[in-house]
$ cat my_file-v1.tsv   # TSV, C-alpha atoms
chain	number	residue	atom	x	y	z
A	1	MET	CA	96.04	107.31	78.70
A	2	LYS	CA	98.00	109.42	76.21
A	3	HIS	CA	94.97	110.09	74.03
A	4	GLN	CA	92.96	111.14	77.11
A	5	ILE	CA	95.68	113.60	78.09
A	6	GLU	CA	95.82	114.92	74.53
A	7	ASN	CA	92.04	115.37	74.53
A	8	ASN	CA	92.29	117.31	77.80
A	9	SER	CA	94.67	119.72	76.05
A	10	TYR	CA	91.95	120.55	73.50
A	11	SER	CA	91.17	124.27	73.88
A	12	GLU	CA	87.50	123.66	74.73
A	13	ALA	CA	88.02	120.51	76.82
A	14	LYS	CA	87.42	122.18	80.19
A	15	ASN	CA	84.11	123.68	79.06
A	16	ILE	CA	82.95	120.46	77.41
A	17	LYS	CA	83.66	118.37	80.51
A	18	GLU	CA	81.77	120.79	82.74
A	19	GLU	CA	78.85	121.20	80.33
A	20	VAL	CA	78.39	117.46	79.78
A	21	ALA	CA	78.57	116.91	83.56
A	22	LEU	CA	75.74	119.44	83.96
A	23	PHE	CA	73.80	117.61	81.26
A	24	LEU	CA	74.13	114.39	83.27
A	25	ASP	CA	72.68	116.24	86.25
A	26	SER	CA	69.70	117.20	84.10
A	27	LEU	CA	69.18	113.56	83.15
A	28	ASP	CA	69.29	112.60	86.83
A	29	ARG	CA	66.39	114.96	87.51
A	30	HIS	CA	64.16	113.52	84.78
A	31	ASN	CA	60.74	111.99	85.21
A	32	VAL	CA	58.09	110.74	82.80
A	33	LYS	CA	56.62	114.23	82.56
A	34	THR	CA	59.90	115.92	81.63
A	35	ASP	CA	59.79	117.68	78.27
A	36	LEU	CA	62.29	115.99	75.95
A	37	SER	CA	62.98	119.33	74.25
A	38	ILE	CA	64.92	120.41	77.35
A	39	TYR	CA	67.60	117.79	76.67
A	40	LYS	CA	67.63	118.50	72.95
A	41	GLU	CA	68.23	122.16	73.66
A	42	GLU	CA	71.00	121.52	76.20
A	43	LEU	CA	73.00	119.24	73.90
A	44	GLY	CA	72.30	121.47	70.92
A	45	GLU	CA	73.71	124.46	72.79
A	46	ILE	CA	76.87	122.56	73.74
A	47	LEU	CA	77.45	121.77	70.07
A	48	TYR	CA	76.56	125.30	68.98
A	49	ARG	CA	79.14	126.80	71.33
A	50	LYS	CA	81.70	124.58	69.62
A	51	GLY	CA	80.76	125.90	66.19
A	52	ILE	CA	78.33	123.15	65.19
A	53	GLU	CA	74.70	124.01	64.49
A	54	TYR	CA	72.66	120.83	64.82
A	55	ASP	CA	70.76	119.82	61.67
A	56	PRO	CA	69.13	116.36	61.83
A	57	THR	CA	69.17	116.09	58.02
A	58	LYS	CA	72.85	116.76	57.56
A	59	ARG	CA	75.86	115.33	59.38
A	60	PRO	CA	78.48	118.08	59.71
A	61	GLU	CA	82.06	117.86	58.57
A	62	PHE	CA	84.06	117.54	61.76
A	63	PRO	CA	87.66	118.81	61.72
A	64	GLU	CA	89.87	115.77	62.12
A	65	LYS	CA	91.45	117.10	65.33
A	66	ASP	CA	87.99	117.59	66.88
A	67	ARG	CA	86.22	114.50	65.59
A	68	ALA	CA	86.81	112.16	68.56
A	69	ILE	CA	85.45	114.80	70.95
A	70	LEU	CA	82.57	116.40	69.04
A	71	GLU	CA	81.15	113.64	66.83
A	72	PRO	CA	79.92	111.49	69.76
A	73	LEU	CA	78.07	114.53	71.15
A	74	TRP	CA	76.37	115.05	67.79
A	75	ASN	CA	75.34	111.38	67.77
A	76	PHE	CA	73.91	111.69	71.28
A	77	ARG	CA	71.91	114.72	70.17
A	78	LYS	CA	70.60	112.91	67.08
A	79	GLU	CA	69.57	109.92	69.19
A	80	LEU	CA	67.11	112.13	71.10
A	81	ASP	CA	65.21	112.71	67.84
A	82	GLU	CA	64.69	108.96	67.56
A	83	TRP	CA	63.09	108.51	70.99
A	84	ASN	CA	59.37	107.83	70.85
A	85	THR	CA	59.09	106.89	74.53
A	86	PHE	CA	60.58	108.32	77.68
A	87	THR	CA	61.21	105.59	80.24
A	88	GLU	CA	63.61	105.03	83.10
A	89	PRO	CA	65.55	102.19	81.35
A	90	ILE	CA	66.05	104.30	78.21
A	91	VAL	CA	67.30	107.33	80.14
A	92	ARG	CA	69.50	105.17	82.40
A	93	ASP	CA	71.18	103.50	79.41
A	94	TYR	CA	71.60	106.85	77.65
A	95	ARG	CA	73.19	108.41	80.72
A	96	LYS	CA	75.52	105.43	81.13
A	97	ARG	CA	76.80	105.80	77.58
A	98	ILE	CA	77.38	109.55	77.95
A	99	PHE	CA	79.29	108.91	81.17
A	100	GLU	CA	81.38	106.30	79.32
A	101	TYR	CA	82.09	108.96	76.68
A	102	LEU	CA	83.42	111.29	79.39
A	103	TYR	CA	85.67	108.54	80.72
A	104	SER	CA	87.00	107.18	77.43
A	105	THR	CA	87.55	110.67	76.00
A	106	PHE	CA	88.84	112.63	79.00
A	107	GLY	CA	89.32	110.10	81.81
A	108	VAL	CA	86.48	111.61	83.87
A	109	VAL	CA	85.09	109.49	86.72
A	110	GLU	CA	82.48	110.05	89.41
A	111	ASN	CA	83.78	111.67	92.58
A	112	LYS	CA	81.76	110.26	95.47
A	113	PRO	CA	83.55	110.49	98.83
A	114	ASN	CA	82.76	108.14	101.68
A	115	ASP	CA	80.77	109.18	104.72
A	116	GLY	CA	83.24	110.02	107.48
A	117	GLU	CA	85.94	111.08	105.03
A	118	LYS	CA	87.87	114.28	105.71
A	119	LEU	CA	86.62	117.22	103.66
A	120	ASN	CA	88.94	118.12	100.79
A	121	SER	CA	88.14	121.68	99.71
A	122	LYS	CA	89.44	120.98	96.19
A	123	GLU	CA	87.17	117.97	95.63
A	124	HIS	CA	84.24	118.53	98.01
A	125	ARG	CA	81.86	121.42	98.61
A	126	ALA	CA	80.08	121.71	101.97
A	127	VAL	CA	76.63	122.97	100.97
A	128	THR	CA	75.29	122.21	104.45
A	129	VAL	CA	77.15	122.44	107.75
A	130	GLU	CA	75.98	120.54	110.84
A	131	GLU	CA	77.37	121.61	114.18
A	132	THR	CA	78.64	118.95	116.56
A	133	SER	CA	80.11	118.97	120.07
A	134	ASN	CA	82.32	116.00	119.12
A	135	GLN	CA	85.63	117.51	118.04
A	136	PHE	CA	86.68	114.24	116.38
A	137	LEU	CA	83.94	114.79	113.79
A	138	ASP	CA	85.13	118.28	112.87
A	139	LYS	CA	85.36	118.73	109.08
A	140	LEU	CA	84.32	115.15	108.39
A	141	ILE	CA	81.70	114.39	105.75
A	142	LYS	CA	78.38	113.34	107.24
A	143	LYS	CA	76.82	112.36	103.92
A	144	VAL	CA	77.04	113.01	100.19
A	145	ILE	CA	74.22	115.02	98.66
A	146	LYS	CA	75.41	114.83	95.07
A	147	PRO	CA	78.57	113.20	93.63
A	148	GLY	CA	80.95	115.36	91.64
A	149	TYR	CA	83.32	114.56	88.78
A	150	LYS	CA	87.09	114.40	88.57
A	151	ILE	CA	89.91	113.06	86.44
A	152	ASP	CA	90.70	109.43	87.26
A	153	ASP	CA	93.40	109.20	89.97
A	154	LYS	CA	95.76	106.97	87.96
A	155	LEU	CA	95.41	109.09	84.83
A	156	TYR	CA	96.06	112.29	86.76
A	157	GLU	CA	99.16	110.85	88.43
A	158	TYR	CA	100.43	109.67	85.03
A	159	TYR	CA	99.70	113.12	83.60
A	160	LYS	CA	101.45	114.91	86.47
A	161	GLU	CA	104.56	112.76	86.22
A	162	SER	CA	104.88	113.09	82.44
A	163	PHE	CA	103.90	116.77	82.35
A	164	LEU	CA	106.15	117.83	85.22
A	165	ALA	CA	109.07	115.84	83.81
A	166	GLU	CA	108.71	117.51	80.42
A	167	ASP	CA	108.19	120.91	82.03
A	168	LYS	CA	111.36	120.49	84.10
A	169	GLN	CA	113.30	119.52	80.98
A	170	LYS	CA	112.07	122.59	79.10
A	171	GLN	CA	113.01	124.90	81.99
A	172	GLU	CA	116.51	123.40	82.14
A	173	GLU	CA	116.90	124.03	78.41
A	174	PHE	CA	115.94	127.67	78.91
A	175	ARG	CA	118.54	128.08	81.64
A	176	LYS	CA	121.19	126.72	79.28
A	177	ILE	CA	120.35	128.95	76.33
A	178	LYS	CA	119.45	132.10	78.26
A	179	ASP	CA	122.83	133.76	77.67
A	180	GLU	CA	123.61	132.01	74.39
A	181	ILE	CA	120.95	133.41	72.06
A	182	PRO	CA	119.61	136.93	71.35
A	183	ARG	CA	117.04	138.23	73.82
A	184	GLU	CA	114.38	138.55	71.14
A	185	GLU	CA	114.81	134.91	70.11
A	186	PHE	CA	114.76	133.78	73.74
A	187	ASP	CA	111.54	135.70	74.43
A	188	LYS	CA	109.90	134.12	71.39
A	189	LYS	CA	110.83	130.62	72.51
A	190	TYR	CA	109.67	131.38	76.04
A	191	ASP	CA	106.28	132.61	74.79
A	192	GLU	CA	105.89	129.33	72.90
A	193	TYR	CA	106.75	127.46	76.10
A	194	LEU	CA	104.09	129.37	78.08
A	195	LYS	CA	101.49	128.52	75.42
A	196	TRP	CA	102.49	124.86	75.63
A	197	LYS	CA	102.25	124.92	79.43
A	198	LYS	CA	98.82	126.54	79.38
A	199	ARG	CA	97.59	124.04	76.81
A	200	TYR	CA	98.67	120.93	78.71
A	201	GLU	CA	97.91	122.12	82.23
A	202	PHE	CA	94.56	120.91	83.59
A	203	THR	CA	93.02	120.44	87.01
A	204	LYS	CA	91.88	117.18	88.56
A	205	THR	CA	88.44	118.30	89.77
A	206	ILE	CA	85.76	118.90	87.15
A	207	ARG	CA	83.06	119.65	89.68
A	208	PRO	CA	83.22	119.14	93.45
A	209	ALA	CA	80.89	116.74	95.22
A	210	ASP	CA	78.18	118.42	97.31
A	211	VAL	CA	78.27	117.18	100.90
A	212	VAL	CA	76.99	117.76	104.43
A	213	MET	CA	79.95	118.52	106.71
A	214	TYR	CA	80.32	118.36	110.47
A	215	LYS	CA	81.70	121.45	112.20
A	216	TYR	CA	82.92	121.30	115.77
A	217	LYS	CA	81.36	123.74	118.21
A	218	PRO	CA	81.84	123.31	121.96
A	219	GLU	CA	78.73	123.03	124.09
A	220	SER	CA	79.75	126.23	125.90
A	221	GLN	CA	79.41	128.19	122.65
A	222	LYS	CA	75.99	126.86	121.70

$ encode --input "my_file-v1.tsv" --output "structure tokens"
Amino acid sequence: MKHQIENNSYSEAKNIKEEVALFLDSLDRHNVKTDLSIYKEELGEILYRKGIEYDPTKRPEFPEKDRAILEPLWNFRKELDEWNTFTEPIVRDYRKRIFEYLYSTFGVVENKPNDGEKLNSKEHRAVTVEETSNQFLDKLIKKVIKPGYKIDDKLYEYYKESFLAEDKQKQEEFRKIKDEIPREEFDKKYDEYLKWKKRYEFTKTIRPADVVMYKYKPESQK
């Protein structure tokens, strides 16, 4: 869990998680007529935005701190050059391994709510609303259109507990030293604290699940 939390503190982690999730969506829309160059371009652009220009003849030198995050993406991109067929089993296996990369690296899991579950605006997005005269169905999910992605529940709870505990400790230290050190020195330390907090703060939802939601409307208003 600690290495997943550390990876989430990587400056580009948020973008990478979102971009790879979008890439998985592209794979889900594939068919035998899909042009393979689309996937090559998508992965190549993700790498390029992280300072790596894909060259199939030369493996780049990855900075040690970035290797665990970026090298697997480069390998996934290179693998596309080796495909000579485009079949459902190949794409399914490829997608599975990329999803496993998201989990092992960042702790990302699929977010697929159950039908009848209460809508959570932080994790679900109602792309379609269906009116109902049954008030007990109000704001319940009728069905899932497309699953989203989120940080694993256990990992996020572990992160929150450890992060909040450390944050509380740091704030207590600031209260103690506030009147004991020069203002300039205090401000410098506090700026470092804010940078630390921004670095290690991350949200649970990567992308909300798209759902159909019931909305109560009395018969008299229809």

$ closest_atom_pairs --input "my_file-v1.tsv" --of "segment 148-218 of chain A" --to "segment 101-109 of chain A" --cutoff "9 Å" --atoms "all atoms listed in the file" --output "JSON lines"
{"residue": "A:Gly148", "atom": "CA", "partner": "A:Val109", "partner_atom": "CA", "distance": 8.7}
{"residue": "A:Tyr149", "atom": "CA", "partner": "A:Val109", "partner_atom": "CA", "distance": 5.8}
{"residue": "A:Lys150", "atom": "CA", "partner": "A:Val108", "partner_atom": "CA", "distance": 5.5}
{"residue": "A:Ile151", "atom": "CA", "partner": "A:Val108", "partner_atom": "CA", "distance": 4.5}
{"residue": "A:Asp152", "atom": "CA", "partner": "A:Val109", "partner_atom": "CA", "distance": 5.6}
{"residue": "A:Asp153", "atom": "CA", "partner": "A:Val109", "partner_atom": "CA", "distance": 8.9}
{"residue": "A:Leu155", "atom": "CA", "partner": "A:Gly107", "partner_atom": "CA", "distance": 6.9}
{"residue": "A:Tyr156", "atom": "CA", "partner": "A:Gly107", "partner_atom": "CA", "distance": 8.6}
{"residue": "A:Ile206", "atom": "CA", "partner": "A:Val108", "partner_atom": "CA", "distance": 8.0}

$ residues_around --input "my_file-v1.tsv" --residues "Glu41 of chain A" --least-positions-apart "6" --cutoff "12 Å" --atoms "all atoms listed in the file" --output "CSV table (one decimal) with C-alpha atoms, in the coordinates of the input"
chain,number,residue,atom,x,y,z
A,23,PHE,CA,73.8,117.6,81.3
A,26,SER,CA,69.7,117.2,84.1
A,35,ASP,CA,59.8,117.7,78.3
A,47,LEU,CA,77.4,121.8,70.1
A,48,TYR,CA,76.6,125.3,69.0
A,53,GLU,CA,74.7,124.0,64.5
A,54,TYR,CA,72.7,120.8,64.8
A,77,ARG,CA,71.9,114.7,70.2
A,78,LYS,CA,70.6,112.9,67.1
A,80,LEU,CA,67.1,112.1,71.1
A,81,ASP,CA,65.2,112.7,67.8

$ atom_distance --input "my_file-v1.tsv" --atom1 "atom CA of Glu131 of chain A" --atom2 "atom CA of Lys217 of chain A"
6.1 Å

$ atom_distance --input "my_file-v1.tsv" --atom1 "atom CA of Val212 of chain A" --atom2 "atom CA of Val129 of chain A"
5.7 Å

$ atom_distance --input "my_file-v1.tsv" --atom1 "atom CA of Arg175 of chain A" --atom2 "atom CA of Trp196 of chain A"
17.4 Å

$ closest_residue --input "my_file-v1.tsv" --among "A:Val144, A:Asp187, A:Glu201, A:Val20" --to "Ile5 of chain A" --atoms "only C-alpha atoms"
A:Glu201

$ closest_residue --input "my_file-v1.tsv" --among "A:Ile145, A:Leu137, A:Met1, A:Leu194" --to "Pro208 of chain A" --atoms "all atoms listed in the file"
A:Ile145

$ closest_residue --input "my_file-v1.tsv" --among "A:Gln4, A:Gly44, A:Leu140, A:Pro56" --to "Lys154 of chain A" --atoms "all atoms listed in the file"
A:Gln4

$ axis_aligned_box --input "my_file-v1.tsv" --around "segment 85-95 of chain A" --padding-each-side "3 Å" --output "AutoDock Vina command-line options"
--center_x 66.1 --center_y 105.3 --center_z 78.8 --size_x 20.1 --size_y 12.2 --size_z 14.6

$ closest_residue --input "my_file-v1.tsv" --among "A:Ile69, A:Ile141, A:Ala13, A:Ala126" --to "Asp210 of chain A" --atoms "all atoms listed in the file"
A:Ala126

$ residues_around --input "my_file-v1.tsv" --residues "Arg97 of chain A" --least-positions-apart "2" --cutoff "12 Å" --atoms "only C-alpha atoms" --output "CSV table (one decimal) with C-alpha atoms, in the coordinates of the input"
chain,number,residue,atom,x,y,z
A,20,VAL,CA,78.4,117.5,79.8
A,24,LEU,CA,74.1,114.4,83.3
A,72,PRO,CA,79.9,111.5,69.8
A,73,LEU,CA,78.1,114.5,71.2
A,75,ASN,CA,75.3,111.4,67.8
A,76,PHE,CA,73.9,111.7,71.3
A,79,GLU,CA,69.6,109.9,69.2
A,90,ILE,CA,66.0,104.3,78.2
A,91,VAL,CA,67.3,107.3,80.1
A,92,ARG,CA,69.5,105.2,82.4
A,93,ASP,CA,71.2,103.5,79.4
A,94,TYR,CA,71.6,106.8,77.6
A,95,ARG,CA,73.2,108.4,80.7
A,99,PHE,CA,79.3,108.9,81.2
A,100,GLU,CA,81.4,106.3,79.3
A,101,TYR,CA,82.1,109.0,76.7
A,102,LEU,CA,83.4,111.3,79.4
A,103,TYR,CA,85.7,108.5,80.7
A,104,SER,CA,87.0,107.2,77.4
A,105,THR,CA,87.6,110.7,76.0

$ closest_residue --input "my_file-v1.tsv" --among "A:Ala68, A:Ile52, A:Lys178, A:Asn134" --to "Asn7 of chain A" --atoms "all atoms listed in the file"
A:Ala68

$ residues_around --input "my_file-v1.tsv" --residues "Tyr190 of chain A" --least-positions-apart "3" --cutoff "12 Å" --atoms "all atoms listed in the file" --output "list in words"
Lys170, Gln171, Glu173, Phe174, Arg175, Ile177, Lys178, Arg183, Glu184, Glu185, Phe186, Asp187, Tyr193, Leu194, Lys195, Trp196 and Lys197 of chain A
